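data.cif follows (mmCIF, C-alpha atoms):
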data_start
#
loop_
_atom_site.label_atom_id
_atom_site.label_comp_id
_atom_site.auth_asym_id
_atom_site.auth_seq_id
_atom_site.Cartn_x
_atom_site.Cartn_y
_atom_site.Cartn_z
CA MET A 1 6.78 25.73 17.92
CA ALA A 2 3.26 26.06 16.51
CA VAL A 3 1.02 22.99 16.53
CA TRP A 4 1.15 22.91 12.71
CA ASP A 5 4.86 22.09 12.69
CA ASP A 6 4.04 18.37 12.83
CA LEU A 7 2.32 18.57 9.43
CA VAL A 8 4.87 17.65 6.78
CA GLY A 9 4.18 18.81 3.23
CA GLN A 10 0.53 19.71 3.92
CA SER A 11 0.46 23.48 3.41
CA GLN A 12 -3.08 23.63 1.96
CA VAL A 13 -4.54 21.56 4.79
CA GLU A 14 -2.68 23.71 7.32
CA GLU A 15 -4.17 26.89 5.84
CA GLN A 16 -7.72 25.53 5.98
CA LEU A 17 -7.38 24.30 9.54
CA ALA A 18 -5.74 27.51 10.74
CA ALA A 19 -8.59 29.56 9.24
CA ALA A 20 -11.19 27.30 10.86
CA ALA A 21 -9.39 27.53 14.23
CA ARG A 22 -9.47 31.34 14.06
CA ASP A 23 -13.20 31.32 13.36
CA ALA A 24 -13.76 28.76 16.12
CA ASP A 25 -11.85 30.97 18.55
CA ALA A 26 -13.99 33.97 17.59
CA PHE A 27 -17.15 31.89 18.11
CA VAL A 28 -16.15 30.82 21.64
CA THR A 29 -15.01 34.33 22.57
CA ALA A 30 -18.35 35.76 21.43
CA HIS A 31 -20.18 33.07 23.38
CA GLU A 32 -18.22 33.80 26.57
CA THR A 33 -18.41 37.60 26.36
CA GLY A 34 -21.93 37.88 24.98
CA GLY A 35 -20.69 39.59 21.83
CA PRO A 36 -21.97 39.09 18.29
CA VAL A 37 -21.35 35.65 16.79
CA PRO A 38 -19.56 35.78 13.40
CA GLU A 39 -21.98 34.98 10.58
CA ALA A 40 -19.58 33.51 8.03
CA SER A 41 -17.38 30.79 9.50
CA LYS A 42 -14.99 28.21 8.18
CA MET A 43 -15.58 26.14 11.33
CA THR A 44 -17.91 23.15 11.37
CA HIS A 45 -18.85 20.45 13.87
CA ALA A 46 -17.45 17.40 12.03
CA TRP A 47 -14.29 16.85 10.00
CA LEU A 48 -13.04 13.88 8.03
CA PHE A 49 -9.28 13.56 7.46
CA THR A 50 -8.24 11.10 4.75
CA GLY A 51 -4.93 10.21 3.17
CA PRO A 52 -2.52 7.32 2.62
CA PRO A 53 -0.59 5.77 5.53
CA GLY A 54 2.06 8.15 6.75
CA ALA A 55 0.42 11.26 5.34
CA GLY A 56 -0.23 12.45 8.88
CA ARG A 57 -4.01 12.49 9.06
CA VAL A 58 -4.04 11.81 12.83
CA ASP A 59 -1.28 14.39 13.37
CA ALA A 60 -3.34 16.95 11.44
CA ALA A 61 -6.46 16.16 13.47
CA ARG A 62 -4.58 16.37 16.77
CA ALA A 63 -2.92 19.66 15.75
CA PHE A 64 -6.36 21.08 14.90
CA ALA A 65 -7.69 19.89 18.26
CA ALA A 66 -4.79 21.67 19.99
CA ALA A 67 -5.52 24.88 18.10
CA LEU A 68 -9.17 24.67 19.19
CA GLN A 69 -8.12 24.30 22.86
CA CYS A 70 -5.40 26.97 22.69
CA VAL A 71 -5.53 29.43 25.62
CA SER A 72 -2.51 31.54 24.74
CA PRO A 73 -2.97 35.19 25.76
CA ASP A 74 -1.57 36.20 22.37
CA ARG A 75 -4.99 35.38 20.87
CA ALA A 76 -6.42 38.53 22.40
CA LEU A 77 -3.68 40.52 20.63
CA GLY A 78 -4.48 39.07 17.23
CA GLY A 79 -2.27 35.99 17.44
CA ALA A 80 -3.47 32.82 15.74
CA PRO A 81 -4.61 29.96 18.00
CA GLY A 82 -2.30 26.96 18.11
CA CYS A 83 0.79 28.39 19.80
CA GLY A 84 2.02 24.95 20.85
CA PHE A 85 3.25 26.15 24.27
CA CYS A 86 0.16 26.90 26.39
CA THR A 87 -1.52 24.35 28.66
CA GLY A 88 -4.37 23.79 26.19
CA CYS A 89 -2.04 23.03 23.29
CA HIS A 90 0.41 20.93 25.28
CA THR A 91 -2.13 18.67 27.01
CA THR A 92 -4.03 18.14 23.76
CA LEU A 93 -0.92 17.19 21.81
CA ILE A 94 0.10 14.59 24.43
CA GLY A 95 -3.49 13.36 24.79
CA THR A 96 -4.24 14.29 28.42
CA HIS A 97 -6.64 17.22 27.95
CA ALA A 98 -9.88 16.70 29.88
CA ASP A 99 -11.99 17.74 26.89
CA LEU A 100 -10.24 15.54 24.33
CA THR A 101 -11.47 11.98 23.87
CA THR A 102 -9.46 9.73 21.57
CA VAL A 103 -10.99 6.53 20.20
CA SER A 104 -8.79 3.96 18.45
CA ALA A 105 -9.56 0.44 17.34
CA VAL A 106 -8.32 -2.13 19.83
CA GLY A 107 -8.94 -5.04 17.46
CA THR A 108 -10.07 -5.11 13.88
CA GLN A 109 -13.24 -3.12 14.65
CA ILE A 110 -14.45 -0.31 16.88
CA LEU A 111 -17.34 -1.90 18.76
CA VAL A 112 -20.47 -0.07 19.85
CA GLY A 113 -19.46 -0.67 23.47
CA ASP A 114 -16.23 1.25 22.83
CA MET A 115 -18.24 4.22 21.54
CA ARG A 116 -21.11 4.34 24.04
CA ASP A 117 -19.42 6.47 26.72
CA THR A 118 -17.77 8.64 24.05
CA VAL A 119 -21.07 9.43 22.34
CA ARG A 120 -22.60 10.26 25.71
CA LYS A 121 -19.71 12.60 26.51
CA SER A 122 -20.04 14.34 23.13
CA PHE A 123 -23.38 15.80 24.22
CA THR A 124 -21.89 17.50 27.30
CA ALA A 125 -20.36 20.96 27.51
CA PRO A 126 -16.56 21.31 27.80
CA ALA A 127 -15.35 20.82 31.38
CA ASN A 128 -12.53 23.36 31.33
CA GLY A 129 -11.52 23.70 27.68
CA ARG A 130 -12.95 25.72 24.85
CA TRP A 131 -14.33 22.76 22.89
CA GLN A 132 -15.36 19.18 23.49
CA VAL A 133 -13.22 17.31 20.93
CA ILE A 134 -13.82 13.70 19.89
CA LEU A 135 -10.96 12.21 17.85
CA VAL A 136 -11.59 8.86 16.12
CA THR A 137 -8.26 7.73 14.70
CA ASP A 138 -9.61 4.63 12.91
CA ALA A 139 -12.98 5.68 11.52
CA GLU A 140 -12.68 3.00 8.83
CA ARG A 141 -12.96 0.38 11.59
CA LEU A 142 -16.39 1.51 12.78
CA ASN A 143 -18.81 -1.38 12.31
CA GLU A 144 -22.50 -0.92 11.53
CA ARG A 145 -23.64 -0.47 15.13
CA SER A 146 -20.83 1.80 16.30
CA GLY A 147 -21.10 3.75 13.03
CA ASN A 148 -24.78 4.37 13.65
CA ALA A 149 -24.00 5.60 17.15
CA VAL A 150 -21.50 8.10 15.73
CA LEU A 151 -23.98 9.13 13.04
CA LYS A 152 -26.60 10.13 15.62
CA ALA A 153 -24.02 12.21 17.49
CA VAL A 154 -22.76 13.90 14.32
CA GLU A 155 -26.28 14.70 13.10
CA GLU A 156 -27.21 16.73 16.19
CA PRO A 157 -24.02 17.68 18.06
CA ALA A 158 -23.76 19.92 21.09
CA PRO A 159 -22.94 23.57 20.23
CA ARG A 160 -19.28 23.28 21.23
CA THR A 161 -18.52 19.68 20.29
CA VAL A 162 -16.27 18.81 17.35
CA TRP A 163 -15.85 15.36 15.79
CA LEU A 164 -12.53 14.63 14.06
CA LEU A 165 -12.62 11.38 12.06
CA CYS A 166 -9.55 9.86 10.38
CA ALA A 167 -9.63 7.21 7.64
CA PRO A 168 -7.53 6.18 4.62
CA SER A 169 -10.18 7.24 2.08
CA LEU A 170 -13.76 8.45 1.71
CA ASP A 171 -14.88 4.98 0.64
CA ASP A 172 -13.77 3.59 4.02
CA VAL A 173 -16.39 5.65 5.89
CA LEU A 174 -20.15 5.17 5.92
CA PRO A 175 -21.77 7.46 3.30
CA THR A 176 -24.20 8.82 5.90
CA ILE A 177 -21.30 9.92 8.12
CA ARG A 178 -19.01 11.36 5.45
CA SER A 179 -21.87 13.42 3.99
CA ARG A 180 -22.07 15.28 7.30
CA CYS A 181 -18.36 16.02 7.56
CA ARG A 182 -16.05 18.55 5.98
CA HIS A 183 -13.47 16.56 4.06
CA LEU A 184 -9.72 17.22 4.05
CA ASN A 185 -7.48 14.98 1.97
CA LEU A 186 -3.79 14.79 2.86
CA ARG A 187 -1.16 13.79 0.30
CA THR A 188 1.93 11.68 0.74
CA PRO A 189 4.70 14.06 1.87
CA PRO A 190 7.62 14.55 -0.54
CA VAL A 191 10.74 12.57 0.31
CA GLU A 192 12.74 15.80 0.65
CA ALA A 193 10.27 17.17 3.21
CA VAL A 194 10.45 14.00 5.31
CA ALA A 195 14.25 14.00 5.21
CA ASP A 196 14.31 17.67 6.24
CA VAL A 197 12.15 16.89 9.29
CA LEU A 198 14.44 14.05 10.35
CA VAL A 199 17.49 16.31 10.09
CA ARG A 200 15.96 19.33 11.85
CA ARG A 201 14.05 17.63 14.66
CA ASP A 202 15.94 14.42 15.26
CA GLY A 203 19.47 15.48 14.38
CA ILE A 204 19.90 12.61 11.92
CA ASP A 205 22.71 12.71 9.38
CA PRO A 206 21.37 14.10 6.05
CA GLY A 207 22.50 11.05 4.06
CA ILE A 208 20.87 8.61 6.47
CA ALA A 209 17.76 10.79 6.65
CA MET A 210 17.35 10.82 2.86
CA ALA A 211 17.78 7.05 2.63
CA ALA A 212 15.28 6.47 5.44
CA ALA A 213 12.81 8.91 3.88
CA ARG A 214 12.95 7.05 0.57
CA ALA A 215 12.58 3.66 2.28
CA GLY A 216 9.69 4.99 4.40
CA GLN A 217 7.84 5.98 1.20
CA GLY A 218 6.54 9.22 2.68
CA HIS A 219 5.65 7.77 6.08
CA VAL A 220 7.33 10.12 8.57
CA ASN A 221 7.19 7.86 11.64
CA ARG A 222 8.28 4.85 9.61
CA ALA A 223 11.23 6.82 8.20
CA ARG A 224 12.22 8.01 11.68
CA ARG A 225 12.14 4.46 12.99
CA LEU A 226 14.25 3.17 10.10
CA ALA A 227 16.78 5.92 10.71
CA THR A 228 17.06 5.33 14.47
CA ASP A 229 16.20 1.66 15.13
CA GLU A 230 18.58 -1.09 14.04
CA ARG A 231 15.91 -3.76 14.56
CA ALA A 232 13.52 -1.97 12.21
CA ARG A 233 16.21 -1.92 9.53
CA ALA A 234 16.89 -5.63 10.08
CA ARG A 235 13.21 -6.49 9.66
CA ARG A 236 13.03 -4.46 6.46
CA ALA A 237 16.08 -6.35 5.17
CA VAL A 238 14.20 -9.62 5.74
CA VAL A 239 11.33 -8.34 3.59
CA LEU A 240 13.54 -7.17 0.74
CA LYS A 241 15.35 -10.53 0.58
CA LEU A 242 12.09 -12.39 -0.03
CA PRO A 243 11.94 -11.84 -3.85
CA ALA A 244 15.27 -13.62 -4.28
CA ARG A 245 14.23 -16.57 -2.10
CA VAL A 246 11.11 -17.79 -3.89
CA ALA A 247 12.84 -19.78 -6.61
CA ASP A 248 11.59 -23.10 -5.22
CA ILE A 249 8.66 -24.27 -3.12
CA GLY A 250 10.73 -24.84 0.01
CA GLY A 251 12.17 -21.35 -0.22
CA CYS A 252 8.65 -19.91 -0.55
CA PHE A 253 7.43 -21.50 2.67
CA LYS A 254 10.57 -20.61 4.59
CA ALA A 255 10.53 -16.99 3.43
CA ALA A 256 6.82 -16.71 4.30
CA GLN A 257 7.42 -18.03 7.81
CA GLU A 258 10.30 -15.59 8.39
CA LEU A 259 8.20 -12.68 7.17
CA VAL A 260 5.34 -13.52 9.53
CA ASP A 261 7.78 -14.08 12.41
CA ALA A 262 9.40 -10.68 11.77
CA ALA A 263 5.99 -8.99 11.86
CA ALA A 264 5.13 -10.81 15.10
CA GLU A 265 8.40 -9.73 16.70
CA ASP A 266 7.82 -6.14 15.64
CA ALA A 267 4.29 -6.21 17.10
CA LYS A 268 5.60 -7.75 20.33
CA GLN A 269 8.14 -4.97 20.73
CA VAL A 270 5.47 -2.29 20.30
CA ALA A 271 2.93 -4.07 22.52
CA GLU A 272 5.30 -4.67 25.44
CA GLU A 273 5.91 -0.95 25.88
CA ILE A 274 2.19 -0.11 25.90
CA ASP A 275 0.92 -3.16 27.81
CA THR A 276 3.34 -2.80 30.70
CA LYS A 277 2.42 0.85 31.20
CA GLU A 278 -1.32 0.14 31.02
CA THR A 279 -1.10 -2.75 33.47
CA GLU A 280 0.87 -0.76 36.04
CA GLU A 281 -1.49 2.21 35.74
CA LEU A 282 -4.56 0.01 36.27
CA LYS A 283 -2.98 -1.72 39.27
CA ALA A 284 -2.18 1.64 40.82
CA ALA A 285 -5.71 2.90 40.16
CA LEU A 286 -7.17 -0.21 41.82
CA GLY A 287 -5.02 0.28 44.91
CA ALA A 288 -2.59 -2.60 44.52
CA ALA A 289 0.53 -2.32 46.63
CA GLN A 290 3.86 -2.22 44.85
CA GLY A 291 4.63 -5.84 44.03
CA GLY A 292 1.71 -6.99 46.21
CA ARG A 293 -1.56 -8.79 45.60
CA MET A 294 -4.52 -7.22 43.84
CA PRO A 295 -7.53 -6.18 45.98
CA ARG A 296 -10.55 -8.47 45.95
CA GLY A 297 -13.08 -7.98 43.19
CA THR A 298 -10.57 -6.60 40.69
CA ALA A 299 -9.74 -9.81 38.83
CA GLY A 300 -12.47 -9.13 36.27
CA MET A 301 -11.05 -5.73 35.39
CA MET A 302 -7.56 -7.16 34.98
CA LYS A 303 -8.90 -9.93 32.74
CA GLU A 304 -10.77 -7.38 30.64
CA LEU A 305 -7.54 -5.41 30.17
CA GLU A 306 -5.68 -8.58 29.16
CA GLU A 307 -8.33 -9.39 26.55
CA LYS A 308 -8.09 -5.86 25.21
CA GLN A 309 -4.32 -6.14 24.98
CA LYS A 310 -4.57 -9.46 23.14
CA ARG A 311 -6.93 -7.96 20.56
CA ARG A 312 -4.65 -4.98 20.11
CA GLY A 313 -1.64 -7.29 19.77
CA ARG A 314 -3.28 -9.17 16.91
CA ARG A 315 -4.13 -5.93 15.18
CA THR A 316 -0.59 -4.58 15.70
CA GLN A 317 0.81 -7.71 14.06
CA LEU A 318 -1.45 -7.20 11.05
CA ASP A 319 -0.39 -3.56 10.84
CA SER A 320 3.27 -4.58 10.96
CA LEU A 321 2.65 -7.16 8.25
CA GLY A 322 0.93 -4.45 6.22
CA LEU A 323 4.07 -2.32 6.40
CA ALA A 324 6.11 -5.29 5.20
CA LEU A 325 3.78 -5.69 2.22
CA THR A 326 4.19 -1.98 1.49
CA ASP A 327 7.97 -2.47 1.40
CA LEU A 328 7.52 -5.46 -0.90
CA THR A 329 5.26 -3.49 -3.23
CA GLY A 330 7.87 -0.73 -3.33
CA PHE A 331 10.54 -3.30 -4.24
CA TYR A 332 8.61 -4.55 -7.28
CA ARG A 333 7.69 -1.00 -8.24
CA ASP A 334 11.41 -0.25 -8.40
CA VAL A 335 11.93 -3.37 -10.52
CA LEU A 336 9.23 -2.15 -12.91
CA ALA A 337 10.84 1.30 -13.06
CA LEU A 338 14.14 -0.27 -14.08
CA GLN A 339 12.48 -2.47 -16.69
CA LEU A 340 10.68 0.51 -18.23
CA ARG A 341 13.80 2.71 -17.96
CA SER A 342 11.92 5.24 -15.90
CA ARG A 343 13.78 8.24 -14.49
CA THR A 344 11.82 8.01 -11.23
CA PRO A 345 14.18 7.82 -8.21
CA LEU A 346 14.28 4.32 -6.71
CA THR A 347 12.74 3.80 -3.29
CA ASN A 348 15.16 1.02 -2.41
CA GLU A 349 18.42 2.36 -3.77
CA ASP A 350 20.33 0.44 -1.08
CA VAL A 351 19.42 -2.90 -2.74
CA ARG A 352 19.92 -1.80 -6.34
CA ASP A 353 21.91 -4.94 -7.18
CA SER A 354 18.94 -7.17 -6.28
CA LEU A 355 16.54 -4.91 -8.17
CA GLU A 356 18.66 -4.98 -11.32
CA ALA A 357 19.12 -8.77 -11.16
CA ILE A 358 15.37 -9.40 -10.99
CA ALA A 359 14.66 -6.72 -13.60
CA ARG A 360 17.01 -8.44 -16.07
CA ALA A 361 15.61 -11.91 -15.37
CA THR A 362 11.91 -11.08 -15.74
CA THR A 363 9.48 -8.98 -17.79
CA PRO A 364 7.30 -6.00 -16.90
CA GLU A 365 4.20 -8.19 -17.29
CA LEU A 366 5.49 -10.64 -14.70
CA THR A 367 6.42 -7.80 -12.36
CA LEU A 368 2.88 -6.43 -12.56
CA ARG A 369 1.51 -9.89 -11.72
CA ARG A 370 3.79 -10.01 -8.69
CA ILE A 371 2.56 -6.60 -7.51
CA GLU A 372 -1.00 -7.91 -7.89
CA ALA A 373 -0.05 -10.93 -5.75
CA VAL A 374 1.17 -8.66 -2.95
CA LEU A 375 -2.06 -6.62 -3.12
CA ALA A 376 -4.09 -9.84 -3.07
CA CYS A 377 -2.29 -10.85 0.12
CA ARG A 378 -3.26 -7.55 1.72
CA GLU A 379 -6.89 -8.11 0.74
CA ALA A 380 -6.77 -11.62 2.20
CA LEU A 381 -5.51 -10.24 5.51
CA ASP A 382 -8.36 -7.72 5.51
CA ARG A 383 -10.75 -10.68 5.18
CA ASN A 384 -9.21 -12.26 8.32
CA VAL A 385 -7.34 -15.01 6.48
CA ALA A 386 -4.65 -16.52 8.74
CA PRO A 387 -1.47 -14.42 8.21
CA LEU A 388 0.83 -17.37 7.51
CA LEU A 389 -1.60 -18.88 5.01
CA ALA A 390 -2.02 -15.55 3.18
CA VAL A 391 1.73 -14.91 3.01
CA GLU A 392 2.46 -18.47 1.86
CA ALA A 393 -0.06 -18.07 -0.98
CA MET A 394 1.61 -14.77 -1.94
CA ALA A 395 5.07 -16.32 -1.91
CA MET A 396 3.92 -19.12 -4.21
CA ALA A 397 2.40 -16.55 -6.56
CA LEU A 398 5.66 -14.58 -6.57
CA ARG A 399 7.49 -17.74 -7.59
#
Show me the file's structure as structure tokens.
Amino acid sequence: MAVWDDLVGQSQVEEQLAAAARDADAFVTAHETGGPVPEASKMTHAWLFTGPPGAGRVDAARAFAAALQCVSPDRALGGAPGCGFCTGCHTTLIGTHADLTTVSAVGTQILVGDMRDTVRKSFTAPANGRWQVILVTDAERLNERSGNAVLKAVEEPAPRTVWLLCAPSLDDVLPTIRSRCRHLNLRTPPVEAVADVLVRRDGIDPGIAMAAARAGQGHVNRARRLATDERARARRAVVLKLPARVADIGGCFKAAQELVDAAAEDAKQVAEEIDTKETEELKAALGAAQGGRMPRGTAGMMKELEEKQKRRGRRTQLDSLGLALTDLTGFYRDVLALQLRSRTPLTNEDVRDSLEAIARATTPELTLRRIEAVLACREALDRNVAPLLAVEAMAMALR
């Protein structure tokens, strides 16, 4: 399985990255053997991957990183880098390669302290890989200070250092940074392509896979979770019932509370898996006996980890709430499609009865206002408005 197999519906991006990986491989080979360095190259030191949620921008960046670190012997025989089986590819894809540094936002921002060691490492030569790769999965969350630190590193990088930045859009990245990057924009994968991946890789029934792909709205991981996790489907059902429950003020507040609680429960489920693993790994690294007391002088490090986990938990809840708002937007988009007699396939075919009932009872103008209310809620969350307050205001507007 080549590293590019994780890219769903992104053939143009795959071609560009594969060509750049071949040129990068030729550059390193020439450097190691003392041969001539290729003059024309599709490789560059900084890349910016943009695209809507679920398009796979981080998957594309990680696949490219794996191709850059590929050590398959087939390369010497003319094979393309990125085999997916060698040590370089495998360790990069799972995130354990010594020359891959991944930076993700713990809270709502990537702080300059989170970037300091990474920027310092970017100026060093690869330890045992072919490239020093820095992957920033949430470049839109760089604040002014951390963004300036990245800018300095991107302006004058080490010869074999590559920066891979991921963000929803160009406007989410500082102009000074994006002007120094090669831009690749990923599109939302077609529903059929997502369903095909679920069938081939996960063995999911074709009918269930197609329904999950539609409900996931092009988000591969979201579709996979809906197809395999009963709790994820239950939380989505809570979201899709909200439009029918805002007929009175009491219903608005109750529906808002349930929506926020569902997002919190979803975030808790995700956080527990990560937090437990992190805590056990840190305890082992600090020399704590199994089930025993922590060594002296380590309380500060444990407290720092707990604070980090709390910040990440809050962000995970907001991300979960964002997915719920995406489902709600898709619901009203389907209502609008029915009102305008569009031939576009419905995203939420499984709740067609509810869609048709609301479509008959309202007008397209009112549906557009309701979509605007959902978008306004998302903007309020981005401005750090309390989640329950923002969702309550949205529910009242939907009424």
Q.
Residue by residue, what does the PyMOL selection byres ((chain A and resi 157-166) around 9) grab here? Present the result as a PyMOL selection string.
A. chain A and resi 28+44-51+57-58+61-62+64-65+122-126+130-140+152-156+167-169+181
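Considering the residues A:Leu184, A:Leu381, A:Ile371, A:Leu355 and counting all atoms listed in the file, A:Asp319 has its shortest atom-to-atom contact with A:Leu381.
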Q | Residue contacts of stretch 142-150 of chain A (7 Å, all atoms listed in the file) excluding same-chain residues fewer than 5 positions away, as a PyMOL selection string | A | chain A and resi 109-112+115+119
Q.
So that I can see what lies close to A:Arg399, please list as a PyMOL selection string the residues with an atom at most 9 Å from it, counting only C-alpha atoms and leaving out residues fewer than 3 positions away in the same chain.
A. chain A and resi 243+245-249+252+370+394-396
Q.
Here's the selection I'm unsure about, the PyMOL selection byres ((chain A and resi 220) around 8); applied to the file above, which residues does it give, as a count of residues only?
A. 12
Q) For the file shown, what are the residues hit by the PyMOL selection byres ((chain A and resi 25) around 10), laid out as an NGL selection string? A) :A and (19-24 or 26-31 or 43 or 67-71 or 75 or 80-81 or 130-131)
Q: Could you give me, as number ranges by chain, the residues within 9 Å of A:Arg360, counting only C-alpha atoms and dropping anything in the same chain fewer than 4 positions from it?
A: A: 338-339, 355-356
Q. Can you tell me, as JSON, numbers by chain, what residues are no more than 12 Å from A:Thr96 when counting all atoms listed in the file, ignoring any on the same chain fewer than 4 positions away?
A. {"A": [62, 66, 87, 88, 89, 90, 91, 92, 100, 101, 102, 129]}
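For the set A:Glu15, A:Asp350, A:Glu258, A:Glu379, the residue with the smallest atom-to-atom gap to A:Gly207 is A:Asp350, counting all atoms listed in the file.
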Q: Could you pull out every residue with an atom within 10 Å of (-1.7, -16.6, 4.5), file coordinates, counting all atoms listed in the file, and send them as a VMD selection string?
A: chain A and resid 256 to 257 260 377 to 378 380 to 381 384 to 395
Q.
Report, in Å with one decimal, the straight-line distance from atom CA of A:Ala227 to atom CA of A:Asp202.
A.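 One can read the atom CA of A:Ala227 to atom CA of A:Asp202 distance as 9.7 Å.
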